[in-house]
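Okay, so here's the structure we're looking at.
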Amino acid sequence: MKLTIIGTGYVGLVTGACFAEVGHEVICVDSDASKVKLLQAGGIPIFEPGLEDLVKSNVAAGRLSFTNSTREGVEKSAIVFIAVPTPPLADGAVDLSFIEGVARDIANSMTSYKIVVDKSTVPVKTGDKVAETIKRYCKSGAEFDVISNPEFLREGFAVEDLMHPDRVVIGVRSQRPVQAMREVYEPFNAPIIFTDINSAELIKHAANSFLALKISYINAVSILCEASGANVQEVANGIGMDARIGRRFLDASLGFGGSCFPKDLSAFIKISEQLGYDFGLLKEVQKINAQQMERFLKKISDTLWVLKDKKIGVLGLAFKQNTDDVRMSPAIDLCQRLLKEGATLRVYDPEAMEKAKAVLPTVTYVADMNSVPEGCDAVVIATEWPVFKKLDLERARKVMTHPILFDGRNLFDPKEMESLGFIYKSIGRP
């Protein structure tokens, strides 16, 4: 099938590459001419495991192309996906200006029937506004359907998630686009849920908010574990084996971050308020997440006492493993708070250092993780990169001014760390 994806961020680029991989002809559109030029030349603006190879192979096969012309994309494709940003506003609501702008561009480019698919994360009832906008600005009077097809991609695992989805959710108003959407997703061999468009839009925010709730729940439990001498990992394993609960998203940590969970949680709270419901449960999720960082910082300050002029090594800058995304990263937040207290930082991340330089210009960026501890009063693990488990601990202990390690991701075993001579502080474990 001939498909157009408008927007080449994490969602749009991964979606376009994976659609091309299963045989569709895909045009990816972006208003950023420099990004389009980079993609056309074989470059990738983001790090996502497996994505670069997919893009290059499908460009070479002629199934994937890039342009900054919305008109070209709309004219050449029967189905147009909207995958542009929906950033948060100051009050927690969603900025839909990019969606509205794309809807107008699509309307001005349409001369025949199109299926317009909203893949961006949007508030419920956005589909109504997109349809109104297209109808208002479409001078040709061409027929169209606006449908909702929310994405459920995890950064760092996005290619895997799209190629092997748990489910595909498609919200429609009529039966006309149903068969075409079945054909789009047929190669993925996944359950397809057809529902009304409002339900599809609500599913996305409800799902992400629930996952954020699970993370805050186990972080709250970690506080009780520390107070009682229990081990939060053992508690998580015990409750996670219950099939009704599941083990995923039950790892105590610094808290959730990134461009999705904080934004979607705030948006869902705002949506609920606009619909007349005070979603107090989700406000508590936000509160616990904020407190988790405060509690971790207190561990550091209680141990080091005065942070001014302390040299601290930080392992991890991305908001999670397998990505270079530093947007709303707990690791970046931690670094900024330590700097504010007068500490000097030596930092390392396998993928995110270039992007971090824009928000952390005054820290020392180190070329490899084993050099980070040199001369440090303490080292902090802030992102759960698996490679950090291979840190040369014997060397670290020798080159540090004081062998103190704060593990914000519970990567190491407390007893082993103590046997190696470290003062070791983790989350929710004795």
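If you're wondering about the labels, chains in the structure tokens are A, B, ... by order shown, residues count from 1 in each chain, ligands from 1 in order shown.
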
Polymer residues at most 9 Å from stretch 126-136 of chain A, only C-alpha atoms, same-chain spacing of 3 or more positions, as number ranges by chain: A: 96, 99-100, 103-108, 116, 118, 122-123, 139, 141-148, 197-198, 201

All strand (DSSP E) positions in stretch 61-290 of chain A, as an NGL selection string: :A and (64-67 or 79-82 or 114-118 or 144-148 or 168-172 or 192-196)

Spatial neighbours of A:Asp91, 10 Å, only C-alpha atoms, chain gap at least 4 places, as an NGL selection string: :A and (266-267 or 270)

Can you spit out the residues from that selection as a compact mmCIF listing (two decimals), in the first residue's frame, using N, CA and C atoms?
```txt
# COMPACT_ATOMS: atom_id res chain seq x y z
N SER A 266 0.08 14.31 32.86
CA SER A 266 -0.45 15.66 33.05
C SER A 266 -1.64 15.92 32.13
N ALA A 267 -1.52 15.45 30.89
CA ALA A 267 -2.60 15.66 29.94
C ALA A 267 -3.87 14.93 30.36
N LYS A 270 -5.57 16.77 33.08
CA LYS A 270 -6.23 17.96 32.53
C LYS A 270 -7.48 17.59 31.74
```

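The space separating atom CA of A:Val380 from atom CA of A:Leu405 comes to 5.8 Å.
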
Selection: 12 Å around A:Phe157, only C-alpha atoms, excl. self and same-chain fewer than 5 positions, as a ChimeraX atom specification: /A:10-11,14,47-51,152,162-165,320-323

Distance query A:Val363 at most 8 Å, only C-alpha atoms, self and fewer than 6 positions along chain excluded, as number ranges by chain: A: 344-347

Could you turn the residues from that selection into a file that holds C-alpha atoms, as a PDB file, in the first residue's frame?
```pdb
ATOM      1  CA  THR A 344      31.342  19.363  39.940  1.00  0.00           C
ATOM      2  CA  LEU A 345      30.392  16.456  37.684  1.00  0.00           C
ATOM      3  CA  ARG A 346      32.122  13.868  35.515  1.00  0.00           C
ATOM      4  CA  VAL A 347      29.500  12.198  33.323  1.00  0.00           C
TER       5      VAL A 347
END
```

Helix (DSSP H, G or I) positions in stretch 72-315 of chain A, given as a count of residues only: 127

List every residue of stretch 95-200 of chain A that has an atom at most 12 Å from any atom of stretch 24-31 of chain A, and for each one report the closest atom pair and its distance in Å to one decimal, counting only C-alpha atoms, with rows sorted by chain and then by increasing residue number, as CSV.
```
residue,atom,partner,partner_atom,distance
A:Phe98,CA,A:Ser31,CA,10.8
A:Gly101,CA,A:Ser31,CA,11.1
A:Val102,CA,A:Ser31,CA,10.0
A:Asp105,CA,A:Ser31,CA,11.2
A:Ile106,CA,A:Val29,CA,11.6
A:Glu183,CA,A:His24,CA,10.0
A:Val184,CA,A:His24,CA,7.9
A:Tyr185,CA,A:His24,CA,10.2
A:Glu186,CA,A:His24,CA,11.1
A:Pro187,CA,A:His24,CA,9.8
A:Phe188,CA,A:His24,CA,11.9
```

Stretch 337-340 of chain A surroundings by only C-alpha atoms, 9 Å radius, close-in-sequence under 2 positions cut, as a list in words: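 The contact residues come out as Leu297, Leu307, Lys308, Ile312, Ile332, Asp333, Leu334, Cys335, Gly342, Ala343, Thr344, Leu345, Thr362 and Val363 of chain A.
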
Contacts between stretch 414-424 of chain A and stretch 358-379 of chain A, please, where a residue of stretch 358-379 of chain A counts if it comes within 12 Å (with only C-alpha atoms); show its shortest atom pair and distance in Å to one decimal, rows by chain and ascending number, as a Markdown table.
```
| residue | atom | partner | partner_atom | distance |
| --- | --- | --- | --- | --- |
| A:Asp377 | CA | A:Ile423 | CA | 11.1 |
| A:Ala378 | CA | A:Ile423 | CA | 9.3 |
| A:Val379 | CA | A:Tyr424 | CA | 9.9 |
```

Which stretch 155-256 of chain A residues have any atom within 12 Å of an atom of stretch 282-290 of chain A, and for each, what is the nearest pair of atoms with distance in Å to one decimal, counting only C-alpha atoms, rows sorted by chain and number, as CSV?
```
residue,atom,partner,partner_atom,distance
A:His205,CA,A:Leu282,CA,11.5
A:Ala206,CA,A:Leu282,CA,10.5
A:Asn208,CA,A:Leu282,CA,11.1
A:Ser209,CA,A:Leu282,CA,7.4
A:Phe210,CA,A:Leu282,CA,8.7
A:Leu211,CA,A:Val285,CA,10.3
A:Ala212,CA,A:Val285,CA,7.2
A:Leu213,CA,A:Val285,CA,5.7
A:Lys214,CA,A:Val285,CA,8.9
A:Ile215,CA,A:Asn289,CA,8.3
A:Ser216,CA,A:Val285,CA,5.7
A:Tyr217,CA,A:Val285,CA,7.7
A:Ile218,CA,A:Ile288,CA,10.1
A:Asn219,CA,A:Ile288,CA,7.6
A:Ala220,CA,A:Ile288,CA,6.8
A:Val221,CA,A:Ile288,CA,10.6
A:Ser222,CA,A:Ile288,CA,11.2
A:Ile223,CA,A:Ile288,CA,10.5
A:Ala252,CA,A:Asn289,CA,10.8
A:Ser253,CA,A:Asn289,CA,9.6
A:Leu254,CA,A:Asn289,CA,7.9
A:Gly255,CA,A:Asn289,CA,5.3
A:Phe256,CA,A:Asn289,CA,6.9
```

Shell of 8 Å around A:Met110, only C-alpha atoms, local chain residues under 4 positions omitted, as a list of chain:residue names: A:Arg71, A:Val74, A:Glu75, A:Ile106, A:Lys114, A:Cys138, A:Ser140, A:Ala142

Quick one: write out the picked residues with C-alpha atoms as a PDB file, in the first residue's frame?
```pdb
ATOM      1  CA  ARG A  71       1.373  18.058  -0.895  1.00  0.00           C
ATOM      2  CA  VAL A  74      -0.874  13.528   0.276  1.00  0.00           C
ATOM      3  CA  GLU A  75      -1.091  13.285  -3.518  1.00  0.00           C
ATOM      4  CA  ILE A 106      -3.613  17.980   4.327  1.00  0.00           C
ATOM      5  CA  LYS A 114      -8.036  10.008   1.840  1.00  0.00           C
ATOM      6  CA  CYS A 138     -10.482  21.450   1.878  1.00  0.00           C
ATOM      7  CA  SER A 140     -11.759  20.545  -3.482  1.00  0.00           C
ATOM      8  CA  ALA A 142     -12.850  15.653  -1.457  1.00  0.00           C
TER       9      ALA A 142
END
```

Atom-to-atom span, atom CA of A:Val168 and atom CA of A:Leu13, Å: 17.9 Å

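Across the structure, atom CA of A:Tyr137 and atom CA of A:Glu151 are spaced 27.0 Å apart.
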
Minimum-distance residue to A:Met400, chosen among A:Thr70, A:Ser112, A:Ser371, A:Asn58 (using only C-alpha atoms): A:Ser371
